[in-house]
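The structure file work.txt is reproduced below (compact mmCIF, C-alpha atoms and all ligand atoms).
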# COMPACT_ATOMS: atom_id res chain seq x y z
CA MET A 1 3.80 9.82 -15.04
CA SER A 2 3.92 12.83 -12.73
CA TYR A 3 6.49 13.16 -9.94
CA GLN A 4 4.94 13.38 -6.49
CA ILE A 5 6.45 14.69 -3.26
CA ALA A 6 4.21 14.18 -0.21
CA ILE A 7 4.84 16.15 3.00
CA ASP A 8 2.76 15.38 6.08
CA GLY A 9 3.06 16.49 9.67
CA PRO A 10 1.41 18.33 12.55
CA ALA A 11 0.30 21.98 12.58
CA GLY A 12 3.14 24.48 12.70
CA ALA A 13 5.93 22.12 11.63
CA GLY A 14 6.73 24.45 8.72
CA LYS A 15 5.22 22.26 6.00
CA SER A 16 3.89 25.05 3.79
CA THR A 17 7.05 27.20 3.93
CA ILE A 18 9.23 24.19 3.14
CA ALA A 19 6.89 22.71 0.52
CA LYS A 20 6.68 26.05 -1.34
CA LYS A 21 10.46 26.31 -1.51
CA VAL A 22 10.89 22.72 -2.65
CA ALA A 23 8.22 23.28 -5.33
CA LYS A 24 10.03 26.39 -6.55
CA GLU A 25 13.38 24.59 -6.73
CA LYS A 26 11.86 21.71 -8.69
CA ALA A 27 9.47 23.91 -10.76
CA PHE A 28 6.57 21.76 -9.50
CA ILE A 29 3.09 22.88 -8.43
CA TYR A 30 2.62 23.37 -4.69
CA VAL A 31 -0.68 22.07 -3.31
CA ASP A 32 -1.64 23.13 0.23
CA THR A 33 -4.41 20.66 1.07
CA GLY A 34 -5.01 22.23 4.50
CA ALA A 35 -6.26 25.34 2.70
CA MET A 36 -8.95 23.21 1.05
CA TYR A 37 -10.16 21.94 4.45
CA ARG A 38 -10.04 25.52 5.70
CA ALA A 39 -12.15 26.74 2.76
CA MET A 40 -14.87 24.27 3.72
CA ALA A 41 -14.58 25.37 7.36
CA TYR A 42 -14.93 29.01 6.29
CA TYR A 43 -18.10 28.09 4.45
CA LEU A 44 -19.53 26.47 7.62
CA LEU A 45 -18.67 29.55 9.68
CA CYS A 46 -20.25 31.91 7.13
CA ARG A 47 -23.41 29.79 7.15
CA GLY A 48 -23.51 29.59 10.95
CA VAL A 49 -23.60 25.78 10.81
CA ASP A 50 -23.52 24.11 14.25
CA PRO A 51 -20.21 22.16 14.34
CA LEU A 52 -21.82 19.56 16.62
CA ASP A 53 -24.61 18.81 14.15
CA ASP A 54 -23.00 16.13 11.92
CA ALA A 55 -25.86 16.02 9.43
CA ALA A 56 -25.86 19.80 8.95
CA VAL A 57 -22.06 19.79 8.56
CA ALA A 58 -22.22 17.01 5.96
CA ALA A 59 -24.95 18.82 4.01
CA ALA A 60 -23.04 22.11 4.02
CA CYS A 61 -19.80 20.41 2.95
CA MET A 62 -21.65 19.01 -0.07
CA GLU A 63 -22.72 22.54 -1.08
CA ALA A 64 -19.24 23.98 -0.75
CA ASP A 65 -17.45 23.61 -4.07
CA VAL A 66 -13.72 23.92 -3.36
CA THR A 67 -11.23 24.05 -6.24
CA ILE A 68 -7.76 25.46 -6.71
CA THR A 69 -5.92 27.33 -9.45
CA HIS A 70 -2.42 28.78 -9.56
CA GLU A 71 -1.57 32.41 -10.25
CA GLU A 72 2.10 33.35 -10.59
CA GLY A 73 3.08 30.21 -8.68
CA GLU A 74 0.69 30.95 -5.79
CA GLN A 75 -2.18 28.61 -4.99
CA VAL A 76 -5.57 30.32 -5.17
CA VAL A 77 -8.43 28.56 -3.37
CA LEU A 78 -11.85 29.08 -4.91
CA LEU A 79 -14.94 28.53 -2.78
CA ASN A 80 -17.99 28.37 -5.03
CA GLY A 81 -15.93 30.33 -7.57
CA GLU A 82 -14.72 33.04 -5.17
CA ASN A 83 -11.07 33.58 -4.16
CA VAL A 84 -10.99 33.01 -0.37
CA ASN A 85 -7.20 32.96 0.21
CA SER A 86 -7.24 36.03 2.46
CA VAL A 87 -9.69 34.60 5.01
CA LEU A 88 -8.31 31.09 5.53
CA ARG A 89 -5.42 31.55 7.96
CA THR A 90 -7.29 32.56 11.14
CA GLU A 91 -7.29 30.38 14.29
CA GLU A 92 -11.09 30.24 14.12
CA VAL A 93 -11.06 28.76 10.60
CA GLY A 94 -8.19 26.38 11.50
CA ASN A 95 -9.99 25.09 14.57
CA MET A 96 -13.20 24.53 12.61
CA ALA A 97 -11.26 22.70 9.88
CA SER A 98 -9.64 20.40 12.42
CA ALA A 99 -12.55 19.82 14.78
CA CYS A 100 -15.25 19.51 12.18
CA VAL A 101 -14.49 19.34 8.42
CA SER A 102 -11.52 16.98 8.64
CA LYS A 103 -13.66 14.41 10.49
CA ASN A 104 -16.42 14.47 7.91
CA PRO A 105 -16.22 11.47 5.52
CA LYS A 106 -18.02 13.22 2.63
CA ALA A 107 -15.80 16.28 2.84
CA ARG A 108 -12.66 14.12 2.92
CA GLU A 109 -13.83 12.02 -0.01
CA ARG A 110 -14.50 15.07 -2.17
CA LEU A 111 -11.22 16.76 -1.35
CA THR A 112 -9.15 13.57 -1.69
CA THR A 113 -10.58 12.89 -5.17
CA LEU A 114 -9.72 16.43 -6.24
CA GLN A 115 -6.19 16.20 -4.80
CA LYS A 116 -5.51 12.86 -6.55
CA ALA A 117 -6.68 14.35 -9.87
CA ILE A 118 -4.35 17.35 -9.52
CA ALA A 119 -1.38 15.09 -8.72
CA ALA A 120 -2.14 12.76 -11.63
CA LYS A 121 -1.79 15.62 -14.12
CA ASN A 122 1.04 17.67 -12.56
CA ASN A 123 4.38 17.24 -10.84
CA VAL A 124 3.48 18.23 -7.29
CA VAL A 125 4.70 18.98 -3.83
CA MET A 126 1.58 18.34 -1.76
CA ASP A 127 1.36 18.95 1.97
CA GLY A 128 -1.24 17.92 4.53
CA ARG A 129 -1.94 15.19 7.08
CA ASP A 130 -2.85 12.15 4.97
CA ILE A 131 -0.95 12.70 1.72
CA GLY A 132 1.58 9.87 2.10
CA THR A 133 -0.93 7.52 3.72
CA CYS A 134 -4.14 8.10 1.70
CA VAL A 135 -4.01 10.68 -1.07
CA LEU A 136 -0.73 9.69 -2.78
CA PRO A 137 0.24 6.28 -1.37
CA ASP A 138 2.65 5.77 -4.31
CA ALA A 139 4.37 9.16 -4.04
CA ASP A 140 8.00 9.20 -5.20
CA VAL A 141 9.17 10.93 -2.01
CA LYS A 142 7.35 10.93 1.32
CA VAL A 143 8.36 13.12 4.23
CA TYR A 144 6.92 13.32 7.74
CA LEU A 145 7.93 16.75 8.96
CA THR A 146 7.64 17.50 12.65
CA ALA A 147 9.05 19.70 15.44
CA SER A 148 8.53 19.86 19.19
CA THR A 149 5.28 21.42 20.44
CA GLY A 150 7.19 24.26 22.12
CA VAL A 151 9.10 25.13 18.95
CA ARG A 152 5.93 25.05 16.84
CA ALA A 153 4.08 27.30 19.28
CA LYS A 154 6.95 29.81 19.35
CA ARG A 155 7.08 29.91 15.55
CA ARG A 156 3.36 30.62 15.38
CA TYR A 157 3.69 33.26 18.10
CA ASP A 158 6.49 35.01 16.18
CA GLU A 159 4.50 34.82 12.93
CA LEU A 160 1.51 36.55 14.57
CA ALA A 161 3.74 39.09 16.36
CA ALA A 162 5.30 40.00 13.00
CA LYS A 163 1.79 40.81 11.79
CA GLY A 164 1.27 43.02 14.84
CA GLU A 165 -1.11 40.56 16.54
CA GLU A 166 -0.71 40.22 20.30
CA THR A 167 -1.18 36.65 21.50
CA ASP A 168 -0.49 34.40 24.46
CA LEU A 169 2.24 31.81 23.89
CA ALA A 170 0.76 29.36 26.42
CA GLN A 171 -2.63 29.59 24.71
CA ILE A 172 -1.08 28.94 21.29
CA GLU A 173 0.75 25.90 22.68
CA GLU A 174 -2.50 24.62 24.16
CA ASP A 175 -4.30 25.11 20.79
CA ILE A 176 -1.53 23.24 18.99
CA ARG A 177 -1.77 20.33 21.44
CA LYS A 178 -5.52 20.20 20.94
CA ARG A 179 -5.15 20.32 17.15
CA ASP A 180 -2.55 17.49 17.21
CA GLU A 181 -4.82 15.42 19.41
CA GLN A 182 -7.76 15.89 17.02
CA ASP A 183 -5.70 15.29 13.86
CA MET A 184 -3.95 12.17 15.21
CA ASN A 185 -6.97 10.53 16.78
CA ARG A 186 -9.78 11.00 14.28
CA LYS A 187 -11.29 7.82 12.82
CA ILE A 188 -10.70 8.55 9.13
CA ALA A 189 -7.31 9.35 7.66
CA PRO A 190 -5.65 10.38 10.95
CA LEU A 191 -2.32 12.15 10.90
CA LYS A 192 0.42 9.54 11.07
CA GLN A 193 3.75 8.83 9.49
CA ALA A 194 3.48 6.55 6.44
CA GLU A 195 5.62 3.42 6.83
CA ASP A 196 7.81 4.47 3.91
CA ALA A 197 8.05 8.17 4.86
CA VAL A 198 11.30 9.77 5.98
CA LEU A 199 11.03 11.50 9.37
CA ILE A 200 12.50 15.01 9.53
CA ASP A 201 12.44 16.81 12.89
CA SER A 202 12.92 20.50 12.10
CA SER A 203 13.16 21.66 15.76
CA HIS A 204 16.84 22.51 15.39
CA MET A 205 17.13 22.89 11.62
CA THR A 206 16.93 25.99 9.45
CA ILE A 207 14.39 26.21 6.65
CA ASP A 208 17.12 25.85 4.04
CA GLU A 209 18.53 22.75 5.73
CA VAL A 210 15.11 21.07 5.64
CA VAL A 211 14.58 22.07 1.99
CA GLN A 212 18.00 20.64 1.09
CA ALA A 213 17.26 17.40 2.95
CA ILE A 214 14.10 16.93 0.89
CA LEU A 215 15.82 17.83 -2.40
CA ASP A 216 18.48 15.21 -1.54
CA LEU A 217 15.73 12.61 -1.15
CA CYS A 218 14.60 13.36 -4.72
CA LYS A 219 17.98 12.47 -6.22
O1 LIG B 301 -2.42 22.47 7.61
P1 LIG B 301 -3.58 23.33 8.10
O2 LIG B 301 -3.43 23.82 9.51
O3 LIG B 301 -3.90 24.43 7.14
O4 LIG B 301 -4.85 22.33 8.10
C1 LIG B 301 -6.09 22.69 8.67
C2 LIG B 301 -6.80 21.45 9.18
O5 LIG B 301 -7.22 20.65 8.05
C3 LIG B 301 -5.96 20.51 10.03
O6 LIG B 301 -6.16 20.70 11.40
C4 LIG B 301 -6.41 19.13 9.66
C5 LIG B 301 -7.07 19.27 8.34
N1 LIG B 301 -6.34 18.61 7.24
C6 LIG B 301 -6.59 17.28 7.03
O7 LIG B 301 -7.35 16.67 7.78
N2 LIG B 301 -6.02 16.65 5.98
C7 LIG B 301 -5.17 17.29 5.16
N3 LIG B 301 -4.63 16.65 4.12
C8 LIG B 301 -4.89 18.67 5.39
C9 LIG B 301 -5.48 19.28 6.46
Starting from the file, give its structure as structure tokens.
Amino acid sequence: MSYQIAIDGPAGAGKSTIAKKVAKEKAFIYVDTGAMYRAMAYYLLCRGVDPLDDAAVAAACMEADVTITHEEGEQVVLLNGENVNSVLRTEEVGNMASACVSKNPKARERLTTLQKAIAAKNNVVMDGRDIGTCVLPDADVKVYLTASTGVRAKRRYDELAAKGEETDLAQIEEDIRKRDEQDMNRKIAPLKQAEDAVLIDSSHMTIDEVVQAILDLCK
């Protein structure tokens, strides 16, 4: 049996940074499920699909073949065989993933099946929105990682500033609120804390403190 660590939480809570570090410590595979939703969103944007046209979105999601591999410990997302890692982290792709792909039942079904198959064969740290509730309901460790909206917005602002991108903090906070609202209120697999998940609020914790707290849960 594989060992499964599920980390869910809202955008900007630090899930991917933390999950990567935990995976490294445990020598497990890290699976960023958000990147899979983003790859489908990128496909829709490239095709110019109208996000309000549910039928067109569903059809396009069925054409988009999303898989993952790992190279030197890094997850590589393949969209119809092509490495799309470098184009997934934009606000435009994130908003499309949240507003459109993540609400689509067919897209969710395909990605969930793939995620379950990966976790059945490998020891994993998997992060997302529905890992503890839907994808890996029997995970060995479940964490719901959150932080205040203000802290999450500031972290995102600093991340973009470090890349030389000028942004507006208030706008980022507004986008985060909107994303939370969409993720928590969608009909299928909404973001919520699993009953047996441990809540970690990282607002006033360092990355290493959060990593240690999760490693302690694995003991
Ligand atoms: O974690 P992220 O920002 O890369 O995720 C992008 C979007 O994908 C997010 O707004 C909601 C969706 N998502 C989801 O619905 N279920 C997951 N397991 C992961 C992400």
Rows by chain and residue number, chain A within 6 Å of ligand LIG 301 (chain B), shortest pair, all atoms listed in the file, as JSON lines:
{"residue": "A:Ala11", "atom": "CA", "partner": "B:LIG301", "partner_atom": "O2", "distance": 5.2}
{"residue": "A:Thr33", "atom": "CA", "partner": "B:LIG301", "partner_atom": "C8", "distance": 4.8}
{"residue": "A:Gly34", "atom": "CA", "partner": "B:LIG301", "partner_atom": "C9", "distance": 3.6}
{"residue": "A:Ala35", "atom": "CA", "partner": "B:LIG301", "partner_atom": "O3", "distance": 5.1}
{"residue": "A:Tyr37", "atom": "CA", "partner": "B:LIG301", "partner_atom": "O5", "distance": 4.8}
{"residue": "A:Arg38", "atom": "CA", "partner": "B:LIG301", "partner_atom": "C1", "distance": 5.7}
{"residue": "A:Gly94", "atom": "CA", "partner": "B:LIG301", "partner_atom": "C1", "distance": 5.1}
{"residue": "A:Ala97", "atom": "CA", "partner": "B:LIG301", "partner_atom": "C2", "distance": 4.7}
{"residue": "A:Ser98", "atom": "CA", "partner": "B:LIG301", "partner_atom": "O6", "distance": 3.6}
{"residue": "A:Ser102", "atom": "CA", "partner": "B:LIG301", "partner_atom": "O7", "distance": 4.3}
{"residue": "A:Gly128", "atom": "CA", "partner": "B:LIG301", "partner_atom": "N3", "distance": 3.6}
{"residue": "A:Arg129", "atom": "CA", "partner": "B:LIG301", "partner_atom": "N3", "distance": 4.3}
{"residue": "A:Asp130", "atom": "CA", "partner": "B:LIG301", "partner_atom": "N3", "distance": 4.9}
{"residue": "A:Ile131", "atom": "CA", "partner": "B:LIG301", "partner_atom": "N3", "distance": 5.9}
{"residue": "A:Arg179", "atom": "CA", "partner": "B:LIG301", "partner_atom": "O6", "distance": 5.9}
{"residue": "A:Asp183", "atom": "CA", "partner": "B:LIG301", "partner_atom": "C4", "distance": 5.7}
Inset, instruction - Identify, on the basis of all atoms listed in the file, every residue whose closest approach to region 13-25 of chain A does not exceed 8 Å; exclude the query and any residue fewer than 3 positions from it along the same chain; express the result as a list of chain:residue names. - result: A:Ile7, A:Asp8, A:Gly9, A:Pro10, A:Phe28, A:Ile29, A:Tyr30, A:Asp32, A:Val124, A:Val125, A:Met126, A:Asp127, A:Gly128, A:Leu145, A:Thr146, A:Ala147, A:Arg152, A:Ser202, A:Ile207, A:Val210, A:Val211, A:Ile214, A:Leu215
Inset, instruction - List every protein, DNA or RNA residue that has at least one atom no more than 9 Å from (-5.3, 9.7, 3.1) in the file's coordinates, counting all atoms listed in the file, and write the result as JSON, numbers by chain. - result: {"A": [108, 112, 129, 130, 131, 132, 133, 134, 135, 136, 137, 188, 189, 190, 191]}
Legend entry - Selection near Asn122 (chain A), 9 Å with only C-alpha atoms, sequence-local residues under 2 positions removed, as JSON, numbers by chain: {"A": [1, 2, 3, 4, 28, 29, 117, 118, 119, 120, 124]}
With C-alpha atoms retained, export the selected residues as a PDB file, keeping the file's coordinate frame.
ATOM      1  CA  MET A   1       3.800   9.820 -15.040  1.00  0.00           C
ATOM      2  CA  SER A   2       3.920  12.830 -12.730  1.00  0.00           C
ATOM      3  CA  TYR A   3       6.490  13.160  -9.940  1.00  0.00           C
ATOM      4  CA  GLN A   4       4.940  13.380  -6.490  1.00  0.00           C
ATOM      5  CA  PHE A  28       6.570  21.760  -9.500  1.00  0.00           C
ATOM      6  CA  ILE A  29       3.090  22.880  -8.430  1.00  0.00           C
ATOM      7  CA  ALA A 117      -6.680  14.350  -9.870  1.00  0.00           C
ATOM      8  CA  ILE A 118      -4.350  17.350  -9.520  1.00  0.00           C
ATOM      9  CA  ALA A 119      -1.380  15.090  -8.720  1.00  0.00           C
ATOM     10  CA  ALA A 120      -2.140  12.760 -11.630  1.00  0.00           C
ATOM     11  CA  VAL A 124       3.480  18.230  -7.290  1.00  0.00           C
TER      12      VAL A 124
END
Legend entry - Pick from A:Lys103, A:Gly12, A:Met96, A:Thr167 nearest to Val151 (chain A), counting all atoms listed in the file: A:Gly12
Sorted by chain and rising residue number, list the residues of region 29-129 of chain A at most 12 Å from region 153-161 of chain A (counting all atoms listed in the file), each with its closest atom pair and distance in Å to one decimal, as JSON lines.
{"residue": "A:Arg89", "atom": "CA", "partner": "A:Leu160", "partner_atom": "CA", "distance": 10.8}
{"residue": "A:Thr90", "atom": "CA", "partner": "A:Leu160", "partner_atom": "CA", "distance": 10.3}
{"residue": "A:Glu91", "atom": "CA", "partner": "A:Arg156", "partner_atom": "CA", "distance": 10.7}
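For the pair CA of Arg177 (chain A) and CA of Ile5 (chain A), the separation is 26.6 Å.
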